$ cat run_31.txt   # compact mmCIF, C-alpha atoms and all ligand atoms
# COMPACT_ATOMS: atom_id res chain seq x y z
CA MET A 1 0.00 0.00 0.00
CA ARG A 2 1.23 3.51 -0.81
CA THR A 3 2.19 5.79 2.00
CA ALA A 4 0.47 9.14 2.33
CA ILE A 5 2.36 11.88 0.59
CA ALA A 6 2.10 15.59 0.10
CA THR A 7 1.08 16.75 -3.36
CA PRO A 8 2.21 19.82 -5.30
CA SER A 9 -0.94 21.62 -4.14
CA THR A 10 0.03 21.25 -0.50
CA PRO A 11 3.19 22.53 1.14
CA PRO A 12 6.02 20.04 1.35
CA LEU A 13 6.76 18.53 4.74
CA ALA A 14 10.13 20.17 4.68
CA THR A 15 12.03 22.08 2.07
CA ALA A 16 15.69 21.99 1.34
CA ALA A 17 17.64 25.22 1.47
CA PRO A 18 18.06 26.51 -2.09
CA PRO A 19 21.29 25.16 -3.53
CA GLN A 20 24.20 27.50 -3.76
CA ILE A 21 24.69 28.43 -7.42
CA GLN A 22 28.40 28.99 -8.01
CA GLY A 23 27.94 30.24 -11.59
CA TRP A 24 31.32 28.82 -12.60
CA CYS A 25 32.79 25.42 -13.22
CA PRO A 26 35.85 24.10 -11.44
CA GLY A 27 39.12 24.01 -13.32
CA ALA A 28 42.64 22.85 -12.63
CA LEU A 29 43.77 26.34 -11.65
CA ARG A 30 40.56 27.17 -9.85
CA PRO A 31 39.34 24.00 -8.13
CA MET A 32 36.07 23.77 -6.23
CA LEU A 33 35.72 22.50 -2.67
CA SER A 34 33.35 19.57 -2.28
CA GLY A 35 32.47 17.19 0.55
CA ASP A 36 35.35 14.88 -0.35
CA GLY A 37 38.05 17.48 -0.91
CA LEU A 38 38.90 19.61 -3.94
CA VAL A 39 37.38 18.86 -7.32
CA VAL A 40 40.06 19.56 -9.94
CA ARG A 41 38.76 19.61 -13.50
CA VAL A 42 41.12 18.93 -16.38
CA ARG A 43 40.16 20.25 -19.81
CA PRO A 44 42.07 18.20 -22.38
CA HIS A 45 42.69 20.18 -25.58
CA ALA A 46 39.99 19.30 -28.12
CA GLY A 47 38.77 16.56 -25.80
CA TRP A 48 41.73 14.35 -26.68
CA LEU A 49 44.23 12.60 -24.42
CA THR A 50 47.31 10.76 -25.57
CA SER A 51 47.99 7.46 -23.85
CA ALA A 52 50.77 9.12 -21.86
CA GLN A 53 48.49 11.95 -20.71
CA ALA A 54 45.76 9.52 -19.63
CA ALA A 55 48.25 7.37 -17.73
CA GLY A 56 49.70 10.51 -16.13
CA ILE A 57 46.28 11.73 -14.97
CA ALA A 58 45.56 8.32 -13.47
CA ALA A 59 48.83 8.44 -11.51
CA LEU A 60 48.12 11.98 -10.29
CA ALA A 61 44.59 11.01 -9.20
CA ARG A 62 46.06 8.21 -7.08
CA GLN A 63 48.82 10.40 -5.66
CA HIS A 64 46.91 13.61 -4.88
CA GLY A 65 43.23 12.65 -4.93
CA ASN A 66 41.06 9.81 -3.71
CA GLY A 67 41.61 7.85 -6.93
CA LEU A 68 38.18 8.65 -8.39
CA LEU A 69 37.65 10.51 -11.65
CA ASP A 70 34.46 11.95 -13.11
CA LEU A 71 33.63 12.18 -16.81
CA THR A 72 31.72 15.45 -17.08
CA SER A 73 28.96 16.50 -19.45
CA ARG A 74 31.43 19.01 -20.98
CA ALA A 75 33.76 16.17 -21.96
CA ASN A 76 36.26 16.95 -19.23
CA LEU A 77 37.87 14.81 -16.53
CA GLN A 78 37.60 15.66 -12.83
CA LEU A 79 39.92 14.43 -10.14
CA ARG A 80 38.06 14.08 -6.85
CA GLY A 81 39.11 14.17 -3.24
CA VAL A 82 42.22 16.25 -3.83
CA ASP A 83 43.96 17.36 -0.66
CA PRO A 84 44.30 21.19 -0.79
CA ASP A 85 47.90 20.81 0.41
CA GLY A 86 48.66 18.71 -2.66
CA HIS A 87 47.08 21.04 -5.22
CA THR A 88 50.33 22.78 -6.18
CA ALA A 89 52.13 19.48 -6.76
CA LEU A 90 49.15 18.22 -8.76
CA LEU A 91 49.28 21.33 -10.94
CA GLN A 92 52.97 20.75 -11.58
CA GLY A 93 52.16 17.22 -12.69
CA LEU A 94 49.35 18.39 -14.98
CA HIS A 95 51.60 21.13 -16.37
CA ALA A 96 54.22 18.53 -17.29
CA LEU A 97 51.50 16.70 -19.22
CA GLY A 98 50.56 19.88 -21.13
CA LEU A 99 47.18 20.12 -19.47
CA VAL A 100 47.30 23.49 -17.69
CA ASP A 101 46.29 26.83 -19.23
CA SER A 102 48.23 30.06 -18.80
CA SER A 103 45.65 31.54 -16.42
CA ALA A 104 42.39 30.67 -14.70
CA GLU A 105 40.58 33.10 -17.05
CA CYS A 106 41.95 31.37 -20.14
CA GLU A 107 41.06 27.99 -18.69
CA SER A 108 37.51 29.11 -17.98
CA ARG A 109 37.02 30.57 -21.47
CA ARG A 110 38.41 27.45 -23.18
CA ASN A 111 35.09 25.72 -22.77
CA ILE A 112 35.06 23.89 -26.09
CA LEU A 113 33.11 20.69 -26.62
CA VAL A 114 34.36 18.66 -29.59
CA SER A 115 32.62 15.80 -31.36
CA PRO A 116 34.54 12.65 -30.42
CA PHE A 117 33.88 11.18 -33.87
CA TRP A 118 36.26 13.55 -35.66
CA GLN A 119 38.34 12.22 -38.53
CA PRO A 120 41.90 13.42 -39.20
CA ASP A 121 40.84 15.17 -42.42
CA ASP A 122 37.64 16.88 -41.28
CA GLY A 123 39.33 19.93 -39.76
CA THR A 124 37.91 19.46 -36.25
CA GLN A 125 41.22 19.42 -34.40
CA ALA A 126 42.52 22.48 -36.27
CA ILE A 127 39.29 24.42 -35.65
CA ALA A 128 39.37 23.61 -31.93
CA ALA A 129 43.03 24.66 -31.69
CA VAL A 130 42.49 27.99 -33.48
CA LEU A 131 39.40 28.68 -31.39
CA ALA A 132 41.33 27.93 -28.17
CA GLU A 133 44.05 30.31 -29.31
CA ALA A 134 41.51 33.06 -30.02
CA LEU A 135 39.92 32.57 -26.59
CA ALA A 136 43.33 32.93 -24.92
CA ALA A 137 44.16 36.18 -26.76
CA PRO A 138 44.23 39.47 -24.79
CA ASP A 139 41.25 40.81 -26.77
CA ALA A 140 39.08 37.72 -26.14
CA PRO A 141 35.60 38.53 -24.84
CA ALA A 142 35.03 38.25 -21.09
CA LEU A 143 32.58 35.36 -21.25
CA PRO A 144 30.63 34.11 -18.23
CA GLY A 145 31.87 30.97 -16.50
CA LYS A 146 29.53 28.45 -18.10
CA PHE A 147 29.53 29.88 -21.62
CA GLY A 148 30.64 27.22 -24.08
CA PHE A 149 31.33 26.35 -27.71
CA ALA A 150 30.62 23.14 -29.63
CA VAL A 151 32.79 22.09 -32.57
CA ASP A 152 30.63 19.47 -34.24
CA CYS A 153 32.01 19.16 -37.76
CA GLY A 154 31.50 15.51 -38.64
CA ALA A 155 29.19 14.44 -41.47
CA GLN A 156 26.27 14.65 -39.00
CA ALA A 157 25.99 16.81 -35.90
CA VAL A 158 26.01 14.76 -32.69
CA LEU A 159 26.26 17.38 -29.94
CA ARG A 160 22.96 19.25 -30.17
CA ALA A 161 21.62 17.60 -27.00
CA SER A 162 24.64 18.96 -25.11
CA PRO A 163 24.45 22.60 -24.03
CA ALA A 164 26.64 25.02 -26.00
CA ASP A 165 26.16 28.74 -26.57
CA ILE A 166 27.88 28.86 -29.97
CA ARG A 167 27.88 25.91 -32.36
CA ILE A 168 30.19 25.33 -35.29
CA GLU A 169 28.91 22.69 -37.69
CA ARG A 170 29.02 21.67 -41.33
CA GLY A 171 26.52 23.31 -43.64
CA CYS A 172 25.95 25.75 -46.55
CA GLY A 173 28.64 23.89 -48.50
CA GLY A 174 31.18 24.84 -45.82
CA PHE A 175 30.47 25.55 -42.18
CA THR A 176 27.80 27.25 -40.11
CA VAL A 177 28.15 29.26 -36.91
CA HIS A 178 24.97 29.54 -34.91
CA ALA A 179 23.79 30.67 -31.53
CA GLU A 180 21.92 28.47 -29.05
CA GLY A 181 18.26 29.42 -28.85
CA TYR A 182 18.18 31.03 -32.30
CA ALA A 183 16.85 29.36 -35.45
CA THR A 184 19.38 30.93 -37.83
CA GLY A 185 23.13 31.10 -38.27
CA ALA A 186 25.95 32.34 -40.50
CA CYS A 187 27.40 30.49 -43.50
CA VAL A 188 31.19 30.67 -43.33
CA SER A 189 34.33 29.33 -44.95
CA ALA A 190 36.96 27.39 -43.03
CA GLN A 191 39.12 30.54 -42.84
CA ASP A 192 36.35 32.76 -41.52
CA LEU A 193 34.90 30.26 -39.10
CA VAL A 194 36.73 31.18 -35.89
CA PRO A 195 36.58 34.96 -36.55
CA ALA A 196 32.82 34.59 -37.03
CA ALA A 197 32.46 32.62 -33.78
CA MET A 198 34.47 35.26 -31.92
CA ALA A 199 32.38 38.05 -33.45
CA LEU A 200 29.27 36.30 -32.17
CA ALA A 201 30.86 35.93 -28.73
CA HIS A 202 31.72 39.66 -28.66
CA TRP A 203 28.14 40.49 -29.70
CA PHE A 204 26.92 38.29 -26.83
CA THR A 205 29.02 40.07 -24.22
CA ALA A 206 27.83 43.44 -25.54
CA GLN A 207 24.25 42.38 -24.77
CA GLY A 208 25.23 41.62 -21.16
CA GLY A 209 23.68 38.16 -21.04
CA LYS A 210 24.55 35.11 -18.98
CA ARG A 211 23.67 32.41 -21.54
CA MET A 212 23.03 32.80 -25.24
CA ALA A 213 19.61 31.14 -25.30
CA ALA A 214 18.32 33.60 -22.72
CA LEU A 215 18.92 36.47 -25.17
CA ALA A 216 16.81 34.98 -27.95
CA PRO A 217 13.40 36.37 -26.98
CA GLN A 218 14.57 40.01 -26.87
CA HIS A 219 17.71 40.40 -28.99
CA ALA A 220 17.87 39.94 -32.76
CA LEU A 221 21.12 38.47 -34.03
CA PRO A 222 23.42 40.54 -36.26
CA GLU A 223 22.29 40.19 -39.88
CA ARG A 224 25.18 37.95 -40.80
CA PHE A 225 23.88 35.30 -38.37
CA GLN A 226 20.46 35.26 -39.99
CA ALA A 227 21.73 33.80 -43.29
CA THR A 228 20.55 30.20 -42.95
CA SER A 229 18.10 28.12 -41.00
CA ASP A 230 18.90 24.96 -42.91
CA PHE A 231 20.51 22.80 -40.24
CA SER A 232 20.58 19.04 -40.67
CA PRO A 233 19.08 17.00 -37.83
CA SER A 234 21.38 15.86 -35.04
CA ALA A 235 22.05 12.19 -34.37
CA SER A 236 20.84 10.74 -31.09
CA PRO A 237 23.47 10.29 -28.38
CA PRO A 238 25.28 7.00 -29.05
CA GLN A 239 25.43 3.80 -27.04
CA PRO A 240 28.56 2.08 -25.78
CA GLY A 241 30.11 -0.22 -28.39
CA PRO A 242 31.94 -0.04 -31.71
CA THR A 243 32.14 3.15 -33.79
CA ALA A 244 33.98 4.11 -36.98
CA VAL A 245 36.88 5.54 -34.98
CA GLY A 246 37.14 3.24 -31.98
CA TRP A 247 35.22 1.65 -29.12
CA LEU A 248 32.96 3.70 -26.83
CA VAL A 249 33.09 2.61 -23.20
CA GLY A 250 30.74 3.92 -20.54
CA ALA A 251 31.21 4.38 -16.83
CA GLU A 252 28.41 4.05 -14.29
CA PHE A 253 27.49 7.61 -13.23
CA GLY A 254 30.45 8.75 -15.29
CA GLN A 255 32.85 7.76 -12.53
CA LEU A 256 36.08 5.84 -13.08
CA GLN A 257 38.74 4.45 -10.81
CA ALA A 258 42.23 5.71 -11.58
CA ASP A 259 43.26 2.09 -12.23
CA THR A 260 40.54 1.82 -14.88
CA LEU A 261 41.80 4.93 -16.65
CA ALA A 262 45.36 3.59 -16.47
CA ALA A 263 44.23 0.28 -18.01
CA LEU A 264 42.38 2.13 -20.79
CA SER A 265 45.43 4.24 -21.51
CA THR A 266 47.33 1.12 -22.58
CA LEU A 267 44.80 0.50 -25.37
CA GLY A 268 45.15 3.79 -27.25
CA ALA A 269 44.55 7.51 -27.17
CA LEU A 270 41.29 8.53 -25.51
CA ARG A 271 38.64 10.93 -26.73
CA LEU A 272 36.32 12.41 -24.14
CA THR A 273 32.59 12.68 -24.78
CA PRO A 274 29.71 14.56 -23.12
CA TRP A 275 27.85 11.25 -22.61
CA ARG A 276 29.86 9.86 -19.69
CA MET A 277 31.71 7.63 -22.10
CA LEU A 278 35.27 7.54 -23.40
CA LEU A 279 36.19 6.62 -26.94
CA VAL A 280 39.27 4.43 -27.18
CA GLU A 281 40.79 5.44 -30.48
CA GLY A 282 41.20 2.62 -33.00
CA LEU A 283 40.00 -0.12 -30.64
CA GLN A 284 37.94 -2.73 -32.48
CA HIS A 285 36.88 -5.02 -29.66
CA ALA A 286 35.33 -4.55 -26.25
CA PRO A 287 38.06 -4.01 -23.67
CA LYS A 288 38.18 -6.56 -20.87
CA ILE A 289 38.44 -4.12 -17.98
CA ASP A 290 36.28 -4.42 -14.87
CA GLY A 291 33.84 -1.63 -14.10
CA LEU A 292 33.19 -0.44 -17.67
CA VAL A 293 30.05 -0.57 -19.76
CA THR A 294 31.11 -1.86 -23.17
CA ARG A 295 27.86 -2.98 -24.82
CA PRO A 296 24.77 -1.06 -25.98
CA PHE A 297 21.57 -0.78 -23.95
CA ASP A 298 23.11 -1.52 -20.57
CA ALA A 299 20.69 -0.44 -17.81
CA ARG A 300 23.47 1.46 -16.05
CA MET A 301 23.47 4.01 -18.86
CA ARG A 302 19.75 4.73 -18.34
CA VAL A 303 20.34 6.49 -15.02
CA VAL A 304 22.31 9.59 -14.17
CA ALA A 305 23.03 10.68 -10.63
CA CYS A 306 25.22 13.41 -9.23
CA THR A 307 27.75 12.83 -6.49
CA GLY A 308 25.05 13.26 -3.82
CA ALA A 309 25.76 12.82 -0.11
CA PRO A 310 28.25 12.60 1.41
CA GLY A 311 30.55 13.73 -1.45
CA CYS A 312 28.63 16.96 -2.12
CA LEU A 313 28.04 19.41 0.70
CA GLN A 314 24.72 20.53 -0.80
CA ALA A 315 23.15 17.10 -1.17
CA ALA A 316 20.14 16.22 0.95
CA ALA A 317 20.66 12.45 0.51
CA ALA A 318 22.74 9.81 -1.21
CA THR A 319 21.75 9.48 -4.86
CA ARG A 320 23.72 6.70 -6.46
CA PRO A 321 22.52 3.71 -4.39
CA LEU A 322 18.92 4.62 -5.27
CA ALA A 323 19.75 5.18 -8.96
CA ARG A 324 21.61 1.86 -9.07
CA ALA A 325 18.64 0.04 -7.55
CA LEU A 326 16.15 1.66 -9.95
CA ALA A 327 18.24 1.27 -13.13
CA PRO A 328 16.99 -2.22 -14.11
CA LEU A 329 13.40 -0.91 -13.98
CA VAL A 330 13.94 2.06 -16.31
CA PRO A 331 12.54 1.38 -19.81
CA VAL A 332 15.10 1.26 -22.63
CA ASP A 333 13.93 4.56 -24.13
CA GLN A 334 13.89 6.51 -20.84
CA LEU A 335 16.46 8.27 -18.72
CA LEU A 336 16.11 8.63 -14.95
CA HIS A 337 17.95 11.43 -13.20
CA VAL A 338 18.49 11.23 -9.43
CA SER A 339 19.70 14.53 -8.05
CA GLY A 340 20.99 15.37 -4.59
CA CYS A 341 19.38 18.82 -4.74
CA SER A 342 17.44 21.06 -7.10
CA LYS A 343 20.59 22.27 -8.82
CA GLY A 344 20.60 19.15 -10.99
CA CYS A 345 24.32 19.21 -11.87
CA ALA A 346 24.35 15.75 -13.43
CA HIS A 347 21.68 16.42 -16.05
CA PRO A 348 20.50 19.97 -16.76
CA ARG A 349 17.86 18.80 -19.25
CA ALA A 350 14.24 17.74 -18.70
CA THR A 351 13.66 14.04 -18.03
CA LEU A 352 12.16 11.76 -15.37
CA THR A 353 13.77 13.21 -12.25
CA LEU A 354 14.01 12.48 -8.53
CA VAL A 355 15.29 15.27 -6.29
CA ALA A 356 16.48 14.63 -2.74
CA THR A 357 15.09 16.83 0.04
CA PRO A 358 15.36 16.45 3.81
CA ALA A 359 11.83 14.97 3.78
CA GLY A 360 12.36 12.42 1.00
CA PHE A 361 12.58 12.45 -2.79
CA ASN A 362 10.46 14.75 -4.95
CA LEU A 363 9.38 13.30 -8.28
CA VAL A 364 9.31 15.36 -11.49
CA ARG A 365 7.73 13.28 -14.24
CA HIS A 366 9.27 15.36 -17.03
CA GLY A 367 11.43 18.30 -16.10
CA THR A 368 14.72 19.38 -14.63
CA ALA A 369 15.64 19.04 -10.97
CA ALA A 370 14.51 22.66 -10.51
CA ALA A 371 11.02 22.07 -11.96
CA LEU A 372 7.80 21.99 -9.94
CA PRO A 373 7.51 18.43 -8.60
CA ASP A 374 4.55 16.17 -9.38
CA LEU A 375 4.93 14.27 -6.10
CA LEU A 376 6.64 15.28 -2.90
CA ALA A 377 8.66 13.61 -0.17
CA LEU A 378 8.63 10.00 -1.36
CA ALA A 379 10.36 7.46 0.82
CA PRO A 380 13.10 5.70 -1.17
CA GLU A 381 11.56 2.28 -0.61
CA THR A 382 8.26 3.35 -2.21
CA ILE A 383 9.64 5.18 -5.23
CA ALA A 384 9.62 2.24 -7.65
CA SER A 385 5.86 1.89 -7.31
CA TYR A 386 5.36 5.55 -8.26
CA LEU A 387 7.81 5.52 -11.14
CA PHE A 388 6.86 2.20 -12.65
CA PRO A 389 3.38 1.43 -11.33
CA THR A 390 2.86 -2.24 -12.15
CA PRO A 391 1.10 -4.64 -9.80
CA HIS A 392 4.43 -6.29 -9.01
CA ALA A 393 6.74 -3.30 -8.87
CA PRO A 394 9.55 -4.36 -6.57
CA ARG A 395 10.31 -2.44 -3.42
CA ILE A 396 13.77 -0.94 -3.25
S1 LIG A 401 23.01 18.51 -7.89
FE1 LIG A 401 24.16 17.02 -6.70
S2 LIG A 401 26.32 17.49 -7.07
FE2 LIG A 401 25.10 19.29 -7.73
S3 LIG A 401 25.07 20.64 -5.94
FE3 LIG A 401 23.22 19.39 -5.85
S4 LIG A 401 23.78 17.60 -4.62
FE4 LIG A 401 25.66 18.59 -5.24
$ encode --input "run_31.txt" --output "structure tokens"
Amino acid sequence: MRTAIATPSTPPLATAAPPQIQGWCPGALRPMLSGDGLVVRVRPHAGWLTSAQAAGIAALARQHGNGLLDLTSRANLQLRGVDPDGHTALLQGLHALGLVDSSAECESRRNILVSPFWQPDDGTQAIAAVLAEALAAPDAPALPGKFGFAVDCGAQAVLRASPADIRIERGCGGFTVHAEGYATGACVSAQDLVPAAMALAHWFTAQGGKRMAALAPQHALPERFQATSDFSPSASPPQPGPTAVGWLVGAEFGQLQADTLAALSTLGALRLTPWRMLLVEGLQHAPKIDGLVTRPFDARMRVVACTGAPGCLQAAAATRPLARALAPLVPVDQLLHVSGCSKGCAHPRATLTLVATPAGFNLVRHGTAAALPDLLALAPETIASYLFPTPHAPRI
């Protein structure tokens, strides 16, 4: 029998304090304090790590952190549990691997998501490098902390489901540069691509916005960025398994042990993805490494959960044990997000969402962690019957 619960029309039994919005992402030079120590985020250039860099990061995570690494939705790698006293030595190690920017500002601006399916002759790596250089220049626009670019220049766009304020894609017989939230973009040549993206970024800062999409209702784009609305559809996010350029391997909740990263580094260069997967370049068979998801449609990839308690100071409850227990019940075509608070770090998009509060878990049937809940304060052991109401829904 279901327990009595509050509904959205009645006040919740207890409300969590609003989460603290930092408005910036951690970096290597500017780490963020979490419940398990410093979070140090490494931004590999163009989302690409040589075998030596990957092995080096694994060693540094063991030496200076708690040995856990996160794959982020911006295709970066985060070292967790770093002792503040070891941060300087960690930076020296990352610097030796060529993974530290010249300043925290440059690091923050170099927020470039790259399609992991790039081919050597499609220009992706060169575009990302020139864009990074432009963002490090003294006249680069002062962009807000979460502002990002997507370089998605394969035959088909694959990154549209991942947030990015400015997108560079193929189109118009060359390339397009378009702004998130707007239906039109500019047609550009390879030579004019990065200057056009920077012009759009300068226009954005002149409007004084925080994210590009928020400008769309009130601010018309410069004429040049109204040239085309003919964008090809984006592919759906991929599944773990073989691809044309290597093998995609997933990690439950996007978290890897340092030993797992070290083992992967022996198989080839690694490309980071925004889907909590790594692409092992050139690999044509599933790697035999414990703790990885190597085949499509694994239930573990149907749930996302943030660090939760105790690793995050803002979390009202643990998230991952509940997500792990619910994963086998989630239908193949659904995604369940379990969030430790209404900030929803692990998945900023609308989906089936559970949000921890001091009184229990709020359920949002389709929305972000910040959306108005449909049900309030569910006890963890009853949640399965609300999410998947069959006569025999198991109790967690
Ligand atoms: S969403 Fe999760 S990781 Fe983000 S602040 Fe809230 S509890 Fe922490």
$ residues_near_ligand --input "run_31.txt" --ligand "ligand LIG 401 (chain A)" --cutoff "6 Å" --atoms "only C-alpha atoms and all ligand atoms" --output "number ranges by chain"
A: 306-308, 312, 314-315, 339-341, 343-345
$ residues_around --input "run_31.txt" --residues "Tyr182 of chain A" --least-positions-apart "4" --cutoff "8 Å" --atoms "only C-alpha atoms" --output "list in words"
His178, Ala213 and Ala216 of chain A
$ closest_residue --input "run_31.txt" --among "A:Ser236, A:Gln125, A:Ser34, A:Thr176" --to "Asp83 of chain A" --atoms "all atoms listed in the file"
A:Ser34
$ residues_around --input "run_31.txt" --residues "Ala317 of chain A" --least-positions-apart "3" --cutoff "12 Å" --atoms "only C-alpha atoms" --output "CSV table (one decimal) with C-alpha atoms, keeping the file's coordinate frame"
chain,number,residue,atom,x,y,z
A,16,ALA,CA,15.7,22.0,1.3
A,305,ALA,CA,23.0,10.7,-10.6
A,306,CYS,CA,25.2,13.4,-9.2
A,307,THR,CA,27.8,12.8,-6.5
A,308,GLY,CA,25.0,13.3,-3.8
A,309,ALA,CA,25.8,12.8,-0.1
A,310,PRO,CA,28.2,12.6,1.4
A,311,GLY,CA,30.6,13.7,-1.4
A,312,CYS,CA,28.6,17.0,-2.1
A,313,LEU,CA,28.0,19.4,0.7
A,314,GLN,CA,24.7,20.5,-0.8
A,320,ARG,CA,23.7,6.7,-6.5
A,321,PRO,CA,22.5,3.7,-4.4
A,322,LEU,CA,18.9,4.6,-5.3
A,323,ALA,CA,19.8,5.2,-9.0
A,338,VAL,CA,18.5,11.2,-9.4
A,339,SER,CA,19.7,14.5,-8.0
A,340,GLY,CA,21.0,15.4,-4.6
A,341,CYS,CA,19.4,18.8,-4.7
A,342,SER,CA,17.4,21.1,-7.1
A,354,LEU,CA,14.0,12.5,-8.5
A,355,VAL,CA,15.3,15.3,-6.3
A,356,ALA,CA,16.5,14.6,-2.7
A,357,THR,CA,15.1,16.8,0.0
A,358,PRO,CA,15.4,16.4,3.8
A,359,ALA,CA,11.8,15.0,3.8
A,360,GLY,CA,12.4,12.4,1.0
A,361,PHE,CA,12.6,12.4,-2.8
A,362,ASN,CA,10.5,14.8,-5.0
A,379,ALA,CA,10.4,7.5,0.8
A,380,PRO,CA,13.1,5.7,-1.2
$ residues_around --input "run_31.txt" --residues "Ala262 of chain A" --least-positions-apart "3" --cutoff "7 Å" --atoms "only C-alpha atoms" --output "MDAnalysis selection string"
chainID A and resid 54:55 58 258:259 265:266
$ closest_atom_pairs --input "run_31.txt" --of "segment 150-177 of chain A" --to "segment 191-211 of chain A" --cutoff "10 Å" --atoms "all atoms listed in the file" --output "Markdown table"
| residue | atom | partner | partner_atom | distance |
| --- | --- | --- | --- | --- |
| A:Ala164 | CA | A:Arg211 | CA | 9.1 |
| A:Asp165 | CA | A:Arg211 | CA | 6.7 |
| A:Ile166 | CA | A:Ala197 | CA | 7.0 |
| A:Arg167 | CA | A:Ala197 | CA | 8.2 |
| A:Ile168 | CA | A:Ala197 | CA | 7.8 |
| A:Glu169 | CA | A:Leu193 | CA | 9.8 |
| A:Gly174 | CA | A:Leu193 | CA | 9.4 |
| A:Phe175 | CA | A:Leu193 | CA | 7.2 |
| A:Thr176 | CA | A:Leu193 | CA | 7.8 |
| A:Val177 | CA | A:Ala197 | CA | 6.3 |
$ residues_around --input "run_31.txt" --residues "Arg30 of chain A" --least-positions-apart "3" --cutoff "8 Å" --atoms "all atoms listed in the file" --output "VMD selection string"
chain A and resid 26 to 27 40 104
$ closest_residue --input "run_31.txt" --among "A:Gln226, A:Ser108, A:Ser234, A:Thr353" --to "Ala155 of chain A" --atoms "all atoms listed in the file"
A:Ser234
$ residues_around --input "run_31.txt" --residues "Leu29 of chain A" --least-positions-apart "3" --cutoff "12 Å" --atoms "only C-alpha atoms" --output "PyMOL selection string"
chain A and resi 25-26+32+38-43+87-92+94-95+99-108
$ closest_residue --input "run_31.txt" --among "A:Glu281, A:Glu252, A:Asp333, A:Glu133" --to "Val293 of chain A" --atoms "only C-alpha atoms"
A:Glu252
$ residues_near_point --input "run_31.txt" --point "(42.6, 10.3, -6.5)" --cutoff "9 Å" --atoms "all atoms listed in the file" --output "CSV table (one decimal) with C-alpha atoms, in the frame of the given file"
chain,number,residue,atom,x,y,z
A,58,ALA,CA,45.6,8.3,-13.5
A,59,ALA,CA,48.8,8.4,-11.5
A,60,LEU,CA,48.1,12.0,-10.3
A,61,ALA,CA,44.6,11.0,-9.2
A,62,ARG,CA,46.1,8.2,-7.1
A,63,GLN,CA,48.8,10.4,-5.7
A,64,HIS,CA,46.9,13.6,-4.9
A,65,GLY,CA,43.2,12.6,-4.9
A,66,ASN,CA,41.1,9.8,-3.7
A,67,GLY,CA,41.6,7.8,-6.9
A,68,LEU,CA,38.2,8.6,-8.4
A,69,LEU,CA,37.6,10.5,-11.6
A,79,LEU,CA,39.9,14.4,-10.1
A,80,ARG,CA,38.1,14.1,-6.8
A,81,GLY,CA,39.1,14.2,-3.2
A,82,VAL,CA,42.2,16.2,-3.8
A,257,GLN,CA,38.7,4.4,-10.8
A,258,ALA,CA,42.2,5.7,-11.6
$ atom_distance --input "run_31.txt" --atom1 "atom CA of Trp275 of chain A" --atom2 "atom CA of Asp36 of chain A"
23.8 Å
$ build_atoms --input "run_31.txt" --residues "segment 263-274 of chain A" --atoms "N, CA and C atoms" --output "PDB file, in the frame of the given file"
ATOM      1  N   ALA A 263      44.361   1.467 -17.139  1.00  0.00           N
ATOM      2  CA  ALA A 263      44.230   0.280 -18.010  1.00  0.00           C
ATOM      3  C   ALA A 263      43.775   0.701 -19.408  1.00  0.00           C
ATOM      4  N   LEU A 264      42.841   1.660 -19.484  1.00  0.00           N
ATOM      5  CA  LEU A 264      42.380   2.130 -20.790  1.00  0.00           C
ATOM      6  C   LEU A 264      43.496   2.810 -21.572  1.00  0.00           C
ATOM      7  N   SER A 265      44.366   3.490 -20.842  1.00  0.00           N
ATOM      8  CA  SER A 265      45.430   4.240 -21.510  1.00  0.00           C
ATOM      9  C   SER A 265      46.388   3.315 -22.265  1.00  0.00           C
ATOM     10  N   THR A 266      46.420   2.055 -21.883  1.00  0.00           N
ATOM     11  CA  THR A 266      47.330   1.120 -22.580  1.00  0.00           C
ATOM     12  C   THR A 266      46.742   0.657 -23.918  1.00  0.00           C
ATOM     13  N   LEU A 267      45.468   0.990 -24.150  1.00  0.00           N
ATOM     14  CA  LEU A 267      44.800   0.500 -25.370  1.00  0.00           C
ATOM     15  C   LEU A 267      44.820   1.514 -26.501  1.00  0.00           C
ATOM     16  N   GLY A 268      45.114   2.773 -26.192  1.00  0.00           N
ATOM     17  CA  GLY A 268      45.150   3.790 -27.250  1.00  0.00           C
ATOM     18  C   GLY A 268      44.887   5.162 -26.686  1.00  0.00           C
ATOM     19  N   ALA A 269      44.924   6.147 -27.573  1.00  0.00           N
ATOM     20  CA  ALA A 269      44.550   7.510 -27.170  1.00  0.00           C
ATOM     21  C   ALA A 269      43.069   7.522 -26.821  1.00  0.00           C
ATOM     22  N   LEU A 270      42.680   8.472 -25.973  1.00  0.00           N
ATOM     23  CA  LEU A 270      41.290   8.530 -25.510  1.00  0.00           C
ATOM     24  C   LEU A 270      40.643   9.840 -25.951  1.00  0.00           C
ATOM     25  N   ARG A 271      39.415   9.728 -26.421  1.00  0.00           N
ATOM     26  CA  ARG A 271      38.640  10.930 -26.730  1.00  0.00           C
ATOM     27  C   ARG A 271      37.515  11.043 -25.710  1.00  0.00           C
ATOM     28  N   LEU A 272      37.378  12.226 -25.135  1.00  0.00           N
ATOM     29  CA  LEU A 272      36.320  12.410 -24.140  1.00  0.00           C
ATOM     30  C   LEU A 272      35.011  12.760 -24.829  1.00  0.00           C
ATOM     31  N   THR A 273      33.914  12.425 -24.212  1.00  0.00           N
ATOM     32  CA  THR A 273      32.590  12.680 -24.780  1.00  0.00           C
ATOM     33  C   THR A 273      31.717  13.353 -23.716  1.00  0.00           C
ATOM     34  N   PRO A 274      30.621  13.982 -24.126  1.00  0.00           N
ATOM     35  CA  PRO A 274      29.710  14.560 -23.120  1.00  0.00           C
ATOM     36  C   PRO A 274      28.699  13.537 -22.590  1.00  0.00           C
TER      37      PRO A 274
END
